[in-house]
Amino acid sequence: MHKIRIIPCLDVNNGRVVKGINFLDLVDAGDPITQAEYYSKNGADEICFLDISASIEGRPTIIDVVEKTAENVFIPLTVGGGIKSIENINNLLKAGADKVSINTAGILNHKLIIDSANKFGSQCIVCAVDAKKIKDSWKVFSHGGTINTGLEAIEWMQKLQSYGAGEILLTSMDKDGTKDGFDLDLLNLATKSLEIPVIASGGAGSSPHFKEAILKGGVNAVLAASVFHFNELSIKEVKNYLKEEGIKVRF
């Protein structure tokens with residue numbers, strides 16, 4: 001088995017890290033640069049930085065915060081939020097991002113994914129998918145989880161793979177912030193339908209939840225926010241647990 005990545009996510013709104021439940025009721029969770037530096041020194045394999053209000057407000061990602069964050073971390077940094085063009089991606093990579101996360105813009109213009117993968121390489125392109133279960137299937141939501149696109153999540157992820165996405169960041173909106181475990185059915189369907197890596201997001205509340213996402217969901221990486229931000233779990237604690245359970249992790 002490949003080594004599993006543990007990724008803290010910094011959801012940034014108005015220059016501050018925030019966290020909510022089901023994408024709502026956001027509360028302050030600290031300064032993004034301070035948080036990123038802490039995680040970089042304490043076992044994170046990567047850091048995901050999402051400017052969650054950029055797409056809703058129709059503006060580009062906050063470059064200065066990305067630059068300052070990149071100066072203080074020495075692990076891969078994935079940045080998303082408000083990316084609409086090749087120029088946006090180029091600016092973020094120049095600012096210190098190692099990868100970019102595309103969500104809403106890719107739904108509105110899938111050519112952006114094709115062109116960016118061709119220009120920068122698939123390894124730089126993470127496609128984020130926010131999915132919510134409606135009746136018997138999962139639908140894709142855009143604009144920070146505010147608009148139901150009507151797209152079927154599994155079909156959309158397969159298209160993203162064909163467009164050149166290097167990996168999928170899959171968030172269950174139903175599980176987001178609940179801390180009662182990942183959506184294993186959704187993850188399992190996704191990993192069985194795709195050849196590219198899938199990052200699980202939404203629902204982490206305990207170390208066993210990470211194990212379930214890996215063994216039952218089949219993911220290559222697990223992302224979490226509130227359990228790390230509010231010191232309910234440490235990354236080292238999760239990694240030690242996974243190692244004891246026979247799962248390969250990086251130390």
# chains A, B, ... in the order shown; residues from 1 in each chain; ligands from 1
$ select_by_dssp --residues "segment 2-186 of chain A" --states "strand (DSSP E)" --output "mmCIF file with C-alpha atoms, in the first residue's frame"
data_model
loop_
_atom_site.group_PDB
_atom_site.id
_atom_site.type_symbol
_atom_site.label_atom_id
_atom_site.label_comp_id
_atom_site.auth_asym_id
_atom_site.auth_seq_id
_atom_site.Cartn_x
_atom_site.Cartn_y
_atom_site.Cartn_z
ATOM 1 C CA ARG A 5 -1.207 11.588 3.236
ATOM 2 C CA ILE A 6 -2.796 13.500 6.104
ATOM 3 C CA ILE A 7 -3.798 17.009 5.030
ATOM 4 C CA PRO A 8 -5.100 19.821 7.244
ATOM 5 C CA CYS A 9 -7.411 22.213 5.403
ATOM 6 C CA LEU A 10 -7.413 25.941 5.978
ATOM 7 C CA ASP A 11 -10.770 27.359 4.887
ATOM 8 C CA VAL A 12 -10.133 31.102 4.719
ATOM 9 C CA ASN A 13 -12.800 33.787 4.795
ATOM 10 C CA ARG A 16 -9.149 34.238 8.765
ATOM 11 C CA VAL A 17 -9.389 30.453 9.041
ATOM 12 C CA VAL A 18 -13.016 29.459 9.612
ATOM 13 C CA LYS A 19 -14.939 26.227 10.123
ATOM 14 C CA GLY A 20 -18.614 25.402 10.128
ATOM 15 C CA ILE A 21 -21.031 22.481 9.802
ATOM 16 C CA LEU A 24 -22.843 26.871 7.303
ATOM 17 C CA ASP A 25 -22.446 28.700 10.657
ATOM 18 C CA LEU A 26 -18.770 29.536 10.231
ATOM 19 C CA VAL A 27 -16.690 30.253 13.336
ATOM 20 C CA ASP A 28 -13.206 31.725 13.584
ATOM 21 C CA ALA A 29 -10.362 29.218 13.870
ATOM 22 C CA GLY A 30 -7.287 31.420 13.718
ATOM 23 C CA ILE A 47 -1.641 21.854 3.434
ATOM 24 C CA CYS A 48 -4.811 22.763 1.577
ATOM 25 C CA PHE A 49 -5.641 26.464 1.539
ATOM 26 C CA LEU A 50 -9.154 27.300 0.298
ATOM 27 C CA ASP A 51 -10.359 30.883 -0.055
ATOM 28 C CA LEU A 77 0.686 23.736 -0.571
ATOM 29 C CA THR A 78 -2.551 23.360 -2.526
ATOM 30 C CA VAL A 79 -4.500 26.582 -3.057
ATOM 31 C CA GLY A 80 -8.061 27.036 -4.278
ATOM 32 C CA LYS A 99 -0.919 22.726 -6.733
ATOM 33 C CA VAL A 100 -4.162 24.530 -7.389
ATOM 34 C CA SER A 101 -7.664 23.362 -6.554
ATOM 35 C CA ILE A 102 -10.328 24.091 -9.151
ATOM 36 C CA ILE A 125 -4.309 20.276 -10.903
ATOM 37 C CA VAL A 126 -6.563 19.157 -8.061
ATOM 38 C CA CYS A 127 -10.267 19.208 -8.875
ATOM 39 C CA ALA A 128 -12.484 19.783 -5.853
ATOM 40 C CA VAL A 129 -15.967 18.280 -5.808
ATOM 41 C CA ASP A 130 -18.571 19.263 -3.197
ATOM 42 C CA ALA A 131 -21.243 16.569 -3.212
ATOM 43 C CA LYS A 132 -24.554 16.255 -1.401
ATOM 44 C CA LYS A 133 -26.833 13.212 -1.426
ATOM 45 C CA ILE A 134 -30.237 13.953 -2.895
ATOM 46 C CA SER A 137 -27.500 9.875 -5.794
ATOM 47 C CA TRP A 138 -24.930 12.537 -5.051
ATOM 48 C CA LYS A 139 -25.191 15.904 -6.771
ATOM 49 C CA VAL A 140 -22.372 18.379 -7.343
ATOM 50 C CA PHE A 141 -22.676 21.845 -5.780
ATOM 51 C CA SER A 142 -20.773 24.946 -6.875
ATOM 52 C CA ILE A 147 -25.756 26.078 -5.977
ATOM 53 C CA ASN A 148 -26.949 22.614 -7.001
ATOM 54 C CA THR A 149 -25.521 22.113 -10.503
ATOM 55 C CA GLY A 150 -27.565 18.983 -11.139
ATOM 56 C CA LEU A 151 -24.401 17.120 -12.130
ATOM 57 C CA GLU A 152 -24.079 13.527 -10.934
ATOM 58 C CA GLU A 167 -6.459 14.106 -8.204
ATOM 59 C CA ILE A 168 -9.902 14.697 -6.746
ATOM 60 C CA LEU A 169 -10.638 16.455 -3.469
ATOM 61 C CA LEU A 170 -14.035 14.992 -2.614
ATOM 62 C CA THR A 171 -16.057 16.675 0.126
ATOM 63 C CA SER A 172 -19.305 15.272 1.461
#
$ residues_around --residues "Tyr241 of chain A" --least-positions-apart "4" --cutoff "10 Å" --atoms "only C-alpha atoms" --output "tab-separated table (two decimals) with C-alpha atoms, in the first residue's frame"
chain	number	residue	atom	x	y	z
A	207	SER	CA	-8.61	8.54	14.43
A	208	PRO	CA	-10.72	5.47	13.48
A	210	PHE	CA	-9.31	8.17	9.10
A	211	LYS	CA	-8.77	4.41	9.06
A	235	ILE	CA	-1.72	14.95	13.11
A	236	LYS	CA	0.96	12.95	14.93
A	237	GLU	CA	-1.73	11.27	17.04
A	245	GLU	CA	-3.25	-0.32	12.57
A	246	GLY	CA	-0.80	-1.36	9.85
A	247	ILE	CA	-1.38	1.60	7.53
$ select_by_dssp --residues "segment 26-225 of chain A" --states "helix (DSSP H, G or I)" --output "ChimeraX atom specification"
/A:32-41,54-57,63-72,86-95,104-108,111-120,122-124,153-163,184-193,207-215
$ residues_around --residues "Ala165 of chain A" --least-positions-apart "3" --cutoff "9 Å" --atoms "only C-alpha atoms" --output "ChimeraX atom specification"
/A:113-114,117,121-127,160-162,168,196
$ write_last_selection --atoms "C-alpha atoms" --output "short mmCIF file (atom, residue, chain, number, x, y, z; two decimals), in the first residue's frame"
data_model
loop_
_atom_site.label_atom_id
_atom_site.label_comp_id
_atom_site.auth_asym_id
_atom_site.auth_seq_id
_atom_site.Cartn_x
_atom_site.Cartn_y
_atom_site.Cartn_z
CA ILE A 113 -9.06 22.12 -16.59
CA ILE A 114 -7.92 20.74 -19.94
CA ALA A 117 -3.41 20.37 -17.11
CA GLY A 121 0.89 19.24 -15.78
CA SER A 122 -1.84 17.12 -14.19
CA GLN A 123 0.21 16.85 -10.99
CA CYS A 124 -0.56 20.54 -10.36
CA ILE A 125 -4.31 20.28 -10.90
CA VAL A 126 -6.56 19.16 -8.06
CA CYS A 127 -10.27 19.21 -8.87
CA LEU A 160 -12.64 15.58 -14.54
CA GLN A 161 -10.24 12.66 -14.79
CA SER A 162 -10.61 12.64 -18.59
CA ILE A 168 -9.90 14.70 -6.75
CA ILE A 196 -6.49 9.06 -10.10
#
$ atom_distance --atom1 "atom CA of Val66 of chain A" --atom2 "atom CA of Phe182 of chain A"
28.4 Å
$ closest_residue --among "A:Gly15, A:Gly81, A:Gly43, A:Ile89" --to "Val65 of chain A" --atoms "only C-alpha atoms"
A:Gly15
$ atom_distance --atom1 "atom CA of Lys216 of chain A" --atom2 "atom CA of Ala190 of chain A"
11.7 Å
$ residues_around --residues "Leu194 of chain A" --least-positions-apart "6" --cutoff "9 Å" --atoms "only C-alpha atoms" --output "PyMOL selection string"
chain A and resi 154+157-158+161
$ write_last_selection --atoms "N, CA and C atoms" --output "PDB file, in the first residue's frame"
ATOM      1  N   ILE A 154     -20.410  11.160  -9.436  1.00  0.00           N
ATOM      2  CA  ILE A 154     -19.498  10.140  -9.960  1.00  0.00           C
ATOM      3  C   ILE A 154     -19.197  10.393 -11.430  1.00  0.00           C
ATOM      4  N   MET A 157     -16.829  13.387 -11.749  1.00  0.00           N
ATOM      5  CA  MET A 157     -15.440  13.065 -11.401  1.00  0.00           C
ATOM      6  C   MET A 157     -14.752  12.271 -12.518  1.00  0.00           C
ATOM      7  N   GLN A 158     -15.481  11.407 -13.167  1.00  0.00           N
ATOM      8  CA  GLN A 158     -14.917  10.667 -14.300  1.00  0.00           C
ATOM      9  C   GLN A 158     -14.569  11.618 -15.441  1.00  0.00           C
ATOM     10  N   GLN A 161     -11.391  13.510 -14.532  1.00  0.00           N
ATOM     11  CA  GLN A 161     -10.238  12.656 -14.794  1.00  0.00           C
ATOM     12  C   GLN A 161      -9.865  12.698 -16.279  1.00  0.00           C
TER      13      GLN A 161
END
$ closest_residue --among "A:Glu71, A:Gly205, A:Val238, A:Lys248" --to "Asn42 of chain A" --atoms "only C-alpha atoms"
A:Val238
$ closest_residue --among "A:Ser206, A:Ser234, A:Ser85, A:Thr146" --to "Asn109 of chain A" --atoms "only C-alpha atoms"
A:Ser85
$ closest_residue --among "A:Asp180, A:Leu189, A:Gly96, A:Pro197" --to "Glu155 of chain A" --atoms "only C-alpha atoms"
A:Leu189
$ decode --residues "segment 8-152 of chain A" --atoms "C-alpha atoms" --output "PDB file, in the first residue's frame"
ATOM      1  CA  PRO A   8      -5.100  19.821   7.244  1.00  0.00           C
ATOM      2  CA  CYS A   9      -7.411  22.213   5.403  1.00  0.00           C
ATOM      3  CA  LEU A  10      -7.413  25.941   5.978  1.00  0.00           C
ATOM      4  CA  ASP A  11     -10.770  27.359   4.887  1.00  0.00           C
ATOM      5  CA  VAL A  12     -10.133  31.102   4.719  1.00  0.00           C
ATOM      6  CA  ASN A  13     -12.800  33.787   4.795  1.00  0.00           C
ATOM      7  CA  ASN A  14     -11.887  37.492   5.050  1.00  0.00           C
ATOM      8  CA  GLY A  15      -8.299  36.575   5.865  1.00  0.00           C
ATOM      9  CA  ARG A  16      -9.149  34.238   8.765  1.00  0.00           C
ATOM     10  CA  VAL A  17      -9.389  30.453   9.041  1.00  0.00           C
ATOM     11  CA  VAL A  18     -13.016  29.459   9.612  1.00  0.00           C
ATOM     12  CA  LYS A  19     -14.939  26.227  10.123  1.00  0.00           C
ATOM     13  CA  GLY A  20     -18.614  25.402  10.128  1.00  0.00           C
ATOM     14  CA  ILE A  21     -21.031  22.481   9.802  1.00  0.00           C
ATOM     15  CA  ASN A  22     -22.506  21.489   6.429  1.00  0.00           C
ATOM     16  CA  PHE A  23     -20.827  24.598   4.945  1.00  0.00           C
ATOM     17  CA  LEU A  24     -22.843  26.871   7.303  1.00  0.00           C
ATOM     18  CA  ASP A  25     -22.446  28.700  10.657  1.00  0.00           C
ATOM     19  CA  LEU A  26     -18.770  29.536  10.231  1.00  0.00           C
ATOM     20  CA  VAL A  27     -16.690  30.253  13.336  1.00  0.00           C
ATOM     21  CA  ASP A  28     -13.206  31.725  13.584  1.00  0.00           C
ATOM     22  CA  ALA A  29     -10.362  29.218  13.870  1.00  0.00           C
ATOM     23  CA  GLY A  30      -7.287  31.420  13.718  1.00  0.00           C
ATOM     24  CA  ASP A  31      -4.728  33.069  11.467  1.00  0.00           C
ATOM     25  CA  PRO A  32      -3.961  31.096   8.277  1.00  0.00           C
ATOM     26  CA  ILE A  33      -0.233  31.810   8.217  1.00  0.00           C
ATOM     27  CA  THR A  34       0.230  30.838  11.874  1.00  0.00           C
ATOM     28  CA  GLN A  35      -1.883  27.714  11.416  1.00  0.00           C
ATOM     29  CA  ALA A  36      -0.023  26.646   8.281  1.00  0.00           C
ATOM     30  CA  GLU A  37       3.366  27.099   9.923  1.00  0.00           C
ATOM     31  CA  TYR A  38       2.244  25.033  12.909  1.00  0.00           C
ATOM     32  CA  TYR A  39       0.993  22.178  10.729  1.00  0.00           C
ATOM     33  CA  SER A  40       4.134  22.267   8.598  1.00  0.00           C
ATOM     34  CA  LYS A  41       6.222  21.673  11.710  1.00  0.00           C
ATOM     35  CA  ASN A  42       3.911  19.082  13.234  1.00  0.00           C
ATOM     36  CA  GLY A  43       3.538  16.284  10.748  1.00  0.00           C
ATOM     37  CA  ALA A  44       1.236  17.466   7.949  1.00  0.00           C
ATOM     38  CA  ASP A  45       2.080  15.935   4.563  1.00  0.00           C
ATOM     39  CA  GLU A  46       0.470  18.809   2.679  1.00  0.00           C
ATOM     40  CA  ILE A  47      -1.641  21.854   3.434  1.00  0.00           C
ATOM     41  CA  CYS A  48      -4.811  22.763   1.577  1.00  0.00           C
ATOM     42  CA  PHE A  49      -5.641  26.464   1.539  1.00  0.00           C
ATOM     43  CA  LEU A  50      -9.154  27.300   0.298  1.00  0.00           C
ATOM     44  CA  ASP A  51     -10.359  30.883  -0.055  1.00  0.00           C
ATOM     45  CA  ILE A  52     -13.972  29.811   0.398  1.00  0.00           C
ATOM     46  CA  SER A  53     -15.676  33.127  -0.357  1.00  0.00           C
ATOM     47  CA  ALA A  54     -13.686  34.020  -3.485  1.00  0.00           C
ATOM     48  CA  SER A  55     -16.008  32.296  -5.979  1.00  0.00           C
ATOM     49  CA  ILE A  56     -19.154  33.627  -4.295  1.00  0.00           C
ATOM     50  CA  GLU A  57     -17.728  37.167  -4.287  1.00  0.00           C
ATOM     51  CA  GLY A  58     -16.373  36.809  -7.839  1.00  0.00           C
ATOM     52  CA  ARG A  59     -12.803  37.719  -6.942  1.00  0.00           C
ATOM     53  CA  PRO A  60      -9.423  35.967  -7.249  1.00  0.00           C
ATOM     54  CA  THR A  61      -7.690  34.181  -4.369  1.00  0.00           C
ATOM     55  CA  ILE A  62      -5.875  36.385  -1.842  1.00  0.00           C
ATOM     56  CA  ILE A  63      -2.347  36.246  -3.297  1.00  0.00           C
ATOM     57  CA  ASP A  64      -0.587  38.030  -0.421  1.00  0.00           C
ATOM     58  CA  VAL A  65      -1.838  35.492   2.128  1.00  0.00           C
ATOM     59  CA  VAL A  66      -0.705  32.670  -0.167  1.00  0.00           C
ATOM     60  CA  GLU A  67       2.770  34.228  -0.516  1.00  0.00           C
ATOM     61  CA  LYS A  68       3.178  34.652   3.245  1.00  0.00           C
ATOM     62  CA  THR A  69       1.889  31.125   3.869  1.00  0.00           C
ATOM     63  CA  ALA A  70       4.278  29.627   1.308  1.00  0.00           C
ATOM     64  CA  GLU A  71       7.207  31.448   2.925  1.00  0.00           C
ATOM     65  CA  ASN A  72       6.458  29.725   6.228  1.00  0.00           C
ATOM     66  CA  VAL A  73       5.730  26.153   5.155  1.00  0.00           C
ATOM     67  CA  PHE A  74       8.058  23.539   3.712  1.00  0.00           C
ATOM     68  CA  ILE A  75       5.558  20.947   2.541  1.00  0.00           C
ATOM     69  CA  PRO A  76       3.325  21.011  -0.563  1.00  0.00           C
ATOM     70  CA  LEU A  77       0.686  23.736  -0.571  1.00  0.00           C
ATOM     71  CA  THR A  78      -2.551  23.360  -2.526  1.00  0.00           C
ATOM     72  CA  VAL A  79      -4.500  26.582  -3.057  1.00  0.00           C
ATOM     73  CA  GLY A  80      -8.061  27.036  -4.278  1.00  0.00           C
ATOM     74  CA  GLY A  81     -10.887  29.530  -4.425  1.00  0.00           C
ATOM     75  CA  GLY A  82     -11.758  32.002  -7.165  1.00  0.00           C
ATOM     76  CA  ILE A  83      -9.552  30.421  -9.835  1.00  0.00           C
ATOM     77  CA  LYS A  84     -10.966  31.348 -13.236  1.00  0.00           C
ATOM     78  CA  SER A  85      -8.049  31.472 -15.648  1.00  0.00           C
ATOM     79  CA  ILE A  86      -4.605  30.215 -16.608  1.00  0.00           C
ATOM     80  CA  GLU A  87      -3.311  33.595 -15.400  1.00  0.00           C
ATOM     81  CA  ASN A  88      -4.813  33.000 -11.929  1.00  0.00           C
ATOM     82  CA  ILE A  89      -3.104  29.599 -11.760  1.00  0.00           C
ATOM     83  CA  ASN A  90       0.213  30.987 -12.953  1.00  0.00           C
ATOM     84  CA  ASN A  91       0.068  33.746 -10.317  1.00  0.00           C
ATOM     85  CA  LEU A  92      -0.671  31.248  -7.535  1.00  0.00           C
ATOM     86  CA  LEU A  93       2.163  28.937  -8.576  1.00  0.00           C
ATOM     87  CA  LYS A  94       4.517  31.944  -8.695  1.00  0.00           C
ATOM     88  CA  ALA A  95       3.279  32.954  -5.223  1.00  0.00           C
ATOM     89  CA  GLY A  96       4.404  29.591  -3.855  1.00  0.00           C
ATOM     90  CA  ALA A  97       1.554  27.152  -4.399  1.00  0.00           C
ATOM     91  CA  ASP A  98       2.573  23.655  -5.508  1.00  0.00           C
ATOM     92  CA  LYS A  99      -0.919  22.726  -6.733  1.00  0.00           C
ATOM     93  CA  VAL A 100      -4.162  24.530  -7.389  1.00  0.00           C
ATOM     94  CA  SER A 101      -7.664  23.362  -6.554  1.00  0.00           C
ATOM     95  CA  ILE A 102     -10.328  24.091  -9.151  1.00  0.00           C
ATOM     96  CA  ASN A 103     -14.019  23.716  -8.389  1.00  0.00           C
ATOM     97  CA  THR A 104     -16.635  26.208  -9.597  1.00  0.00           C
ATOM     98  CA  ALA A 105     -14.623  27.492 -12.570  1.00  0.00           C
ATOM     99  CA  GLY A 106     -14.165  23.948 -13.857  1.00  0.00           C
ATOM    100  CA  ILE A 107     -17.918  23.385 -13.735  1.00  0.00           C
ATOM    101  CA  LEU A 108     -18.584  26.603 -15.652  1.00  0.00           C
ATOM    102  CA  ASN A 109     -15.738  26.029 -18.141  1.00  0.00           C
ATOM    103  CA  HIS A 110     -14.228  22.551 -18.314  1.00  0.00           C
ATOM    104  CA  LYS A 111     -11.721  23.796 -20.916  1.00  0.00           C
ATOM    105  CA  LEU A 112      -9.908  25.528 -18.046  1.00  0.00           C
ATOM    106  CA  ILE A 113      -9.062  22.119 -16.588  1.00  0.00           C
ATOM    107  CA  ILE A 114      -7.916  20.740 -19.939  1.00  0.00           C
ATOM    108  CA  ASP A 115      -5.790  23.809 -20.720  1.00  0.00           C
ATOM    109  CA  SER A 116      -4.287  24.076 -17.220  1.00  0.00           C
ATOM    110  CA  ALA A 117      -3.407  20.366 -17.111  1.00  0.00           C
ATOM    111  CA  ASN A 118      -1.730  20.691 -20.506  1.00  0.00           C
ATOM    112  CA  LYS A 119       0.188  23.829 -19.513  1.00  0.00           C
ATOM    113  CA  PHE A 120       1.216  23.046 -15.938  1.00  0.00           C
ATOM    114  CA  GLY A 121       0.885  19.238 -15.776  1.00  0.00           C
ATOM    115  CA  SER A 122      -1.842  17.122 -14.193  1.00  0.00           C
ATOM    116  CA  GLN A 123       0.206  16.851 -10.993  1.00  0.00           C
ATOM    117  CA  CYS A 124      -0.562  20.543 -10.358  1.00  0.00           C
ATOM    118  CA  ILE A 125      -4.309  20.276 -10.903  1.00  0.00           C
ATOM    119  CA  VAL A 126      -6.563  19.157  -8.061  1.00  0.00           C
ATOM    120  CA  CYS A 127     -10.267  19.208  -8.875  1.00  0.00           C
ATOM    121  CA  ALA A 128     -12.484  19.783  -5.853  1.00  0.00           C
ATOM    122  CA  VAL A 129     -15.967  18.280  -5.808  1.00  0.00           C
ATOM    123  CA  ASP A 130     -18.571  19.263  -3.197  1.00  0.00           C
ATOM    124  CA  ALA A 131     -21.243  16.569  -3.212  1.00  0.00           C
ATOM    125  CA  LYS A 132     -24.554  16.255  -1.401  1.00  0.00           C
ATOM    126  CA  LYS A 133     -26.833  13.212  -1.426  1.00  0.00           C
ATOM    127  CA  ILE A 134     -30.237  13.953  -2.895  1.00  0.00           C
ATOM    128  CA  LYS A 135     -32.596  10.966  -2.985  1.00  0.00           C
ATOM    129  CA  ASP A 136     -30.508   8.074  -4.320  1.00  0.00           C
ATOM    130  CA  SER A 137     -27.500   9.875  -5.794  1.00  0.00           C
ATOM    131  CA  TRP A 138     -24.930  12.537  -5.051  1.00  0.00           C
ATOM    132  CA  LYS A 139     -25.191  15.904  -6.771  1.00  0.00           C
ATOM    133  CA  VAL A 140     -22.372  18.379  -7.343  1.00  0.00           C
ATOM    134  CA  PHE A 141     -22.676  21.845  -5.780  1.00  0.00           C
ATOM    135  CA  SER A 142     -20.773  24.946  -6.875  1.00  0.00           C
ATOM    136  CA  HIS A 143     -20.032  28.426  -5.494  1.00  0.00           C
ATOM    137  CA  GLY A 144     -18.975  27.259  -2.043  1.00  0.00           C
ATOM    138  CA  GLY A 145     -21.766  24.691  -1.810  1.00  0.00           C
ATOM    139  CA  THR A 146     -24.555  27.179  -2.516  1.00  0.00           C
ATOM    140  CA  ILE A 147     -25.756  26.078  -5.977  1.00  0.00           C
ATOM    141  CA  ASN A 148     -26.949  22.614  -7.001  1.00  0.00           C
ATOM    142  CA  THR A 149     -25.521  22.113 -10.503  1.00  0.00           C
ATOM    143  CA  GLY A 150     -27.565  18.983 -11.139  1.00  0.00           C
ATOM    144  CA  LEU A 151     -24.401  17.120 -12.130  1.00  0.00           C
ATOM    145  CA  GLU A 152     -24.079  13.527 -10.934  1.00  0.00           C
TER     146      GLU A 152
END
